[in-house]
Structure formats: structure tokens, C-alpha cells
Amino acid sequence: ANTLFNIWIKYKPRLPEWYYNERLVKVGDTLAQIKEYKLALLQCYERYLQQFVSVNLDDVMDDVHRFKSTFFPNGVRDKKAALTFHALQARNVCIYQMVCSRDRNLQNRESLQTCLNVLTSLRLTMQAALPQENLCWLIYNGTVHLYTVCRHLMVVGQSAKVLEYLLWASICMESSIPLLSVHYLTWRATLYTAVSQCYFDCHAGIHGEIFARRGLIKIEELKQLEDISSSLEHTETEKIFREATLKMSVMIFKRAVYESRRKSNSFRQESKVNPRKAVNLSWPHTTTEWLLVEMFDGAAAQFLAILEALSDSGRNLFPPHPPVPDEIEIRDVTSELFSAGLEILSGNSLKKQECPFYFENIFVITAGEKGVSGDAAVKFVKLAFSYEEWDVFYSALEFVDNFLQTQDDPTWKKAETELKLLTLMQPLVFPGKFQRSFSVSNDNSKEASTLQGSEKTQTIRKEFLKPEDPFHDLMILATTVSSCVSTSEQNVHPDKEILVDVVMCLWQKCKTELQQIQMSGSDCLEYIHKHQAYQWVRILWIMNEIIEKSNIADTNVMFAEITLCLTAILENAADS
């Protein structure tokens with residue numbers, strides 16, 4: 001920082017002002033590319049902007065007129081305006097990245113407020129630049145930055161606070177004539193989808209559906225204009241419009257699949273289809289499957305719609321629980337969605353529709369029109385765990401496990417590990433509640449043997465049905481996750497969210513016994529020996545190792561209690 005500071009001081013009087021300013025911002029861009037955000041911010045972007053204002057830059061970000069008069073005294077048409085706009089935008093990006101580096105989960109209130117200030121500043125910059133068509137690149141970049149910050153805030157449960165900014169980004173794309181072309185339609189549809197998702201997160205699904213339908217209208221308007229005069233290949237534009245339409249249709253389906261059932265009393269008289277017998281019925285055979293076939297073409301699109309309909313930002317993987325609200329219609333639709341998803345994973349939906357494009361392996365690495373991506377399949381299995389759909393969970397696990405076994409990429413090894421942890425957690429969360437799930441049958445004996453699942457999966461199922469020592473399942477889970485985080489290959493470690501869930505599950509099961517040991521005081525060793533409680537202490541030790549090795553100590557305040565419990569037991573043992 002000092003070296004760069006001295007360089008700027010030394011060369012500023014020797015260089016033309018325009019050249020000095022361009023180099024200043026250019027060096028900032030280079031530093032930002034190599035993630036030296038603080039250096040780029042302080043020594044480049046803010047140094048450039050200090051020529052306009054001597055006070056805190058944030059003090060002039062509260063009013064567009066004051067903003068313009070400060071940073072653009074000669075108007076936004078001035079030849080230096082583009083560089084100033086770029087510096088303002090890049091400054092905000094650096095501030096956001098600096099917040100992420102020190103508080104990725106935005107647990108501190110100051111971090112959250114800083115992110116909101118960044119969004120306000122980005123919006124103000126775009127507002128000033130929007131009337132100038134030649135600055136459309138800045139509007140586009142601004143929407144990308146807004147979306148990036150907003151998606152981060154949505155993940156941490158702040159959808160209500162970012163909705164207005166995503167709406168602004170969408171309107172900006174519609175208000176800039178150069179950005180209305182087909183070339184930017186995919187990005188515009190992504191913004192529309194984010195707005196709809198925000199509404200759903202805020203429990204305003206009707207507004208999410210309305211906005212998605214509005215997006216469909218905008219897409220259709222552009223398609224009509226494109227049909228009149230197209231500069232791109234016809235097949236290329238068709239693909240763009242198809243993907244954009246799919247995104248909007250998925251958000252419409254997300255609410256329509258539930259609301260259509262609520263509104264119609266006739267569906268209440270419909271008998272629920274037993275998933276064990278569903279595989280023998282023609283596709284589609286439920287109201288939900290009929291709606292899927294009516295709205296979407298191809299297994300990939302139908303599966304995407306199922307995933308989105310089941311996804312809920314307020315639902316965590318652990319602890320699993322039934323649908324909310326607890327209504328008969330909602331439960332029925334949820335079960336039908338899982339049944340339909342399982343049919344697609346098995347490939348039966350394609351064969352029952354007599355699809356000429358059916359092929360034995362439904363999985364593909366990248367989603368296509370006739371296949372389901374591996375990522376989507378893994379997410380489906382996790383959702384089945386979250387909803388307590390145990391039959392679907394284990395049946396889908398067979399298909400997904402067969403796919404994962406053939407993959408060598410670390411991404412899939414990580415997914416395989418995470419699903420293994422879920423299978424080990426299930427008997428702890430619901431002991432004795434699992435019953436052997438149904439098998440998806442086929443006429444073809446070769447396919448039937450494949451769909452019955454691997455021998456390993458069947459062995460796991462049988463083990464879950466046996467009553468075990470209370471330590472047994474706990475110790476297996478603890479040692480398994482410990483070995484997962486002990487490997488030197490960081491890219492195959494389970495996600496922190498799952499590790500947190502596993503540790504919390506172990507703690508809930510062990511907490512009572514461990515606190516009994518802790519309260520025994522100086523008689524700690526005698527109590528452990530008398531009650532054969534060595535295994536409880538061992539599990540507690542393993543839990544602390546997992547917390548330390550996976551760097552999740554700061555994600556949950558309960559982890560402090562776990563560490564304190566181990567410390568107290570060790571101190572009592574030393575005093576015994």
C-alpha cells in the first residue's frame with residue numbers, strides 16, 4: 001500500500017490528468033481481479049473520487065441531485081463521466097467483497113447494513129446513468145452487481161429487504177433500449193425469476209406468480225418483434241426464448257400446483273394414489289402429473305418445476321418435517337410431486353409417454369431437454385429427507401447412488417458423502433419409523449435389476465430395521481463425519497450446513513447423558529465407570545474435533561456449549 005501510495009504521489013504532477021486518472025482506475029481493476037479489494041478501494045477508486053468530494057463519499061449518496069452535482073459537475077454527458085461511473089460502481093463492489101471476506105454469513109448487523117448501503121449506492125449510480133444510451137454497459141453491469149448482492153442476502157433470509165432492488169434491476173433492463181434485445185433476454189429472465197422468488201420468500205406467492213406472468217408477457221412481446229426481423233439464427237433465438245419462458249413457467253407452477261388444488265373441492269374426493277402402485281399406472285396418473293405434462297415439455301423441465309415447487313427458503317435440511325401449512329391438500333400435492341419426481345428419475349415417465357427419445361440412463365452431467373442433471377437429482381433426494389418422504393428418499397437414493405458411483409469428479413464424491421451422512425442420520429432422527437420402500441419395477445429384467453438398487457444400499461436398509469445399541473448409530477455417524485472432514489482433499493468435504501446439522505443431531509442425542517456426567521463433579525470417573533459412559537465422552541470428543549477441523553465454530557452458538565461441556569468433563573476427570 002505504501003509503495004503504491006508513493007508511486008501515485010511521485011507521478012501525479014508529471015502525467016497529464018486524464019492519463020493519470022485512467023491509470024489510477026485501471027490499476028484498481030487489476031487489483032480487484034486478483035482479489036486485493038482493500039488496496040483497490042483505498043489507493044485507486046477512492047483516490048480517484050476524492051477529486052470530487054473531500055468529505056465521506058457515503059454522505060452524498062442520499063440524493064440523486066446532490067450526487068449528480070458532486071460527481072458530474074459538467075453533466076453526465078461529459079467525456080470523463082464514464083470513468084467516474086465505473087469508479088463509483090467498482091468502489092461498491094470492493095466494499096461488498098471486503099464484507100464477505102470478514103463476515104460471509106452476514107451475522108453482524110454492521111455487515112448487513114453495509115451491504116444495503118452498497119445496494120443503495122449502486123441503484124443511485126444506475127439512476128443517474130439510465131437516460132444515457134451510451135452508458136447501457138454500466139446499467140447492465142449494475143444489474144449484475146445488484147443481483148449478486150441480493151442473492152447473497154436472500155440466502156441469509158433478507159429477501160424482504162432486497163426485493164425493491166431486484167425490481168429496480170428488472171425495470172432498468174426494460175428501460176434501456178439497447179438492453180431490450182434478445183441477446184440480454186436470458187439475463188432479464190434471471191432477474192424476473194429472482195423477483196418472483198423474493199415474493200415467495202416473503203410469503204406473497206400471489207405477487208410472485210403475477211410478476212412471473214408479467215415476465216411471460218414481456219417475453220412474448222419481444223418474440224413478436226423478433227419474428228418480424230431476426231438478426232440471429234432462428235434455432236438460436238428459439239432456444240433463448242424457450243429457456244426464458246421455462247423460467248417464468250416454473251415460477252407460475254410453484255404456486256399454481258398448490259392453489260389449483262385448494263380452489264377445487266372436487267379434488268378432495270380424489271383417492272390418493274399409493275406410490276407403491278403408482279409405477280404400474282399410466283403417466284400421467286395424478287392431477288399434479290397432468291399439470292406438469294400440460295405446462296412443460298421434457299423430463300428436465302418437469303423435474304426442474306418439481307424441485308422449485310418443493311423448495312422453500314424457510315425450510316432447512318434438518319430437522320426434517322412435513323409440509324407447512326399442515327393442510328390435506330398441501331400434503332397430497334407434496335406427495336404427488338415426490339412421486340412424479342421419482343417416476344422421472346426412474347425413467348418410467350418417459351417410457352409411459354412412449355417418448356421416442358427415451359434412453360436407459362436418465363442422468364446427464366449438464367441438464368438437457370431429455371435428461372436430469374446430477375445436481376438436480378441430489379437436491380431431490382435431500383428434499384425428500386427434509387419432507388420425511390422416506391419411501392421416496394431411499395428409492396431415489398438408489399438411482400442417484402448408481403449414478404454417483406460412476407463419477408470421478410470431486411463434486412460428485414462430495415455429493416455421495418453428503419447423501420451417506422443423511423442415510424446415517426435418518427435412524428437417529430426417526431428410530432424405527434422406516435419401512436422397506438417399494439422398488440420401481442420394469443418389464444425388462446435387466447433394467448429391473450438395475451433399478452432395484454445397489455447391494456450396498458439394500459444392506460444399509462436392512463441394518464436400519466434392526467434394533468441396535470444406543471451408541472451404535474451415534475458412533476457410526478460421528479466417526480464417519482470425522483473421517484470426511486479429516487481428509488486433505490478440501491473439495492470433497494461436505495457443505496458446512498450439513499456438518500452443522502450432523503453435529504447438532506449428535507449433540508441433541510448425547511446432551512442429557514453428557515450433562516449427567518458433567519454434573520457428577522469430582523465423582524466423574526466413578527460415574528463413567530459405573531454407567532459405562534465412556535462412549536458418550538468419546539462422541540463428545542469427536543464432535544469437538546469435527547467443529548475444529550471444519551471451521552464451523554462461529555456458525556452456531558450451541559457449539560460453545562459443546563466445547564464447554566467437554567472442558568468441564570476433562571477438568572472433573574483431572575480432579576477425580
# chains A, B, ... in the order shown; residues from 1 in each chain; ligands from 1
call {"tool": "select_by_dssp", "arguments": {"residues": "segment 27-217 of chain A", "states": "alpha helix (DSSP H)", "output": "JSON, numbers by chain"}}
result
{"A": [27, 28, 29, 30, 31, 32, 33, 37, 38, 39, 40, 46, 47, 48, 49, 64, 65, 66, 67, 68, 69, 70, 71, 81, 82, 83, 84, 85, 86, 87, 88, 89, 90, 91, 92, 93, 94, 95, 96, 97, 98, 99, 100, 101, 102, 109, 110, 111, 112, 113, 114, 115, 116, 117, 118, 119, 120, 121, 122, 123, 124, 125, 126, 127, 128, 129, 136, 137, 138, 139, 140, 141, 142, 143, 144, 145, 146, 147, 148, 149, 150, 151, 152, 153, 154, 155, 159, 160, 161, 162, 163, 164, 165, 166, 167, 168, 169, 170, 171, 172, 173, 174, 175, 185, 186, 187, 188, 189, 190, 191, 192, 193, 194, 195, 196, 197, 198, 199, 200, 201, 205, 206, 207, 208, 209, 210, 211, 212, 213, 214, 215, 216, 217]}
call {"tool": "closest_residue", "arguments": {"among": "A:Leu216, A:Leu337, A:Met251, A:Met543", "to": "Val502 of chain A", "atoms": "only C-alpha atoms"}}
result
A:Met543
call {"tool": "residues_around", "arguments": {"residues": "Gln516 of chain A", "least_positions_apart": "5", "cutoff": "12 Å", "atoms": "only C-alpha atoms", "output": "PyMOL selection string"}}
result
chain A and resi 510-511+521+523-524+527-528+531+533+536-537+565+568-569
call {"tool": "closest_atom_pairs", "arguments": {"of": "segment 378-428 of chain A", "to": "segment 290-308 of chain A", "cutoff": "9 Å", "atoms": "only C-alpha atoms", "output": "tab-separated table"}}
result
residue	atom	partner	partner_atom	distance
A:Lys379	CA	A:Leu307	CA	7.8
A:Phe380	CA	A:Leu307	CA	6.6
A:Leu383	CA	A:Leu307	CA	8.2
call {"tool": "atom_distance", "arguments": {"atom1": "atom CA of Ala309 of chain A", "atom2": "atom CA of Val324 of chain A"}}
result
12.9 Å
call {"tool": "residues_around", "arguments": {"residues": "segment 57-62 of chain A", "least_positions_apart": "6", "cutoff": "12 Å", "atoms": "only C-alpha atoms", "output": "ChimeraX atom specification"}}
result
/A:45-51,68-71,88,91-92,95,114,117-125,127-128
call {"tool": "closest_residue", "arguments": {"among": "A:Asn402, A:Gln426, A:Asn572, A:Ser550", "to": "Pro494 of chain A", "atoms": "only C-alpha atoms"}}
result
A:Ser550
call {"tool": "closest_residue", "arguments": {"among": "A:Ser181, A:Ser159, A:Ala377, A:Phe52", "to": "Ala204 of chain A", "atoms": "only C-alpha atoms"}}
result
A:Ser159
call {"tool": "atom_distance", "arguments": {"atom1": "atom CA of Thr288 of chain A", "atom2": "atom CA of Ile252 of chain A"}}
result
13.7 Å
call {"tool": "closest_residue", "arguments": {"among": "A:Val557, A:Ala244, A:Leu397, A:Ala384", "to": "Met504 of chain A", "atoms": "only C-alpha atoms"}}
result
A:Val557
call {"tool": "closest_residue", "arguments": {"among": "A:Trp187, A:Asp391, A:Pro178, A:Gly374", "to": "Gln407 of chain A", "atoms": "only C-alpha atoms"}}
result
A:Gly374
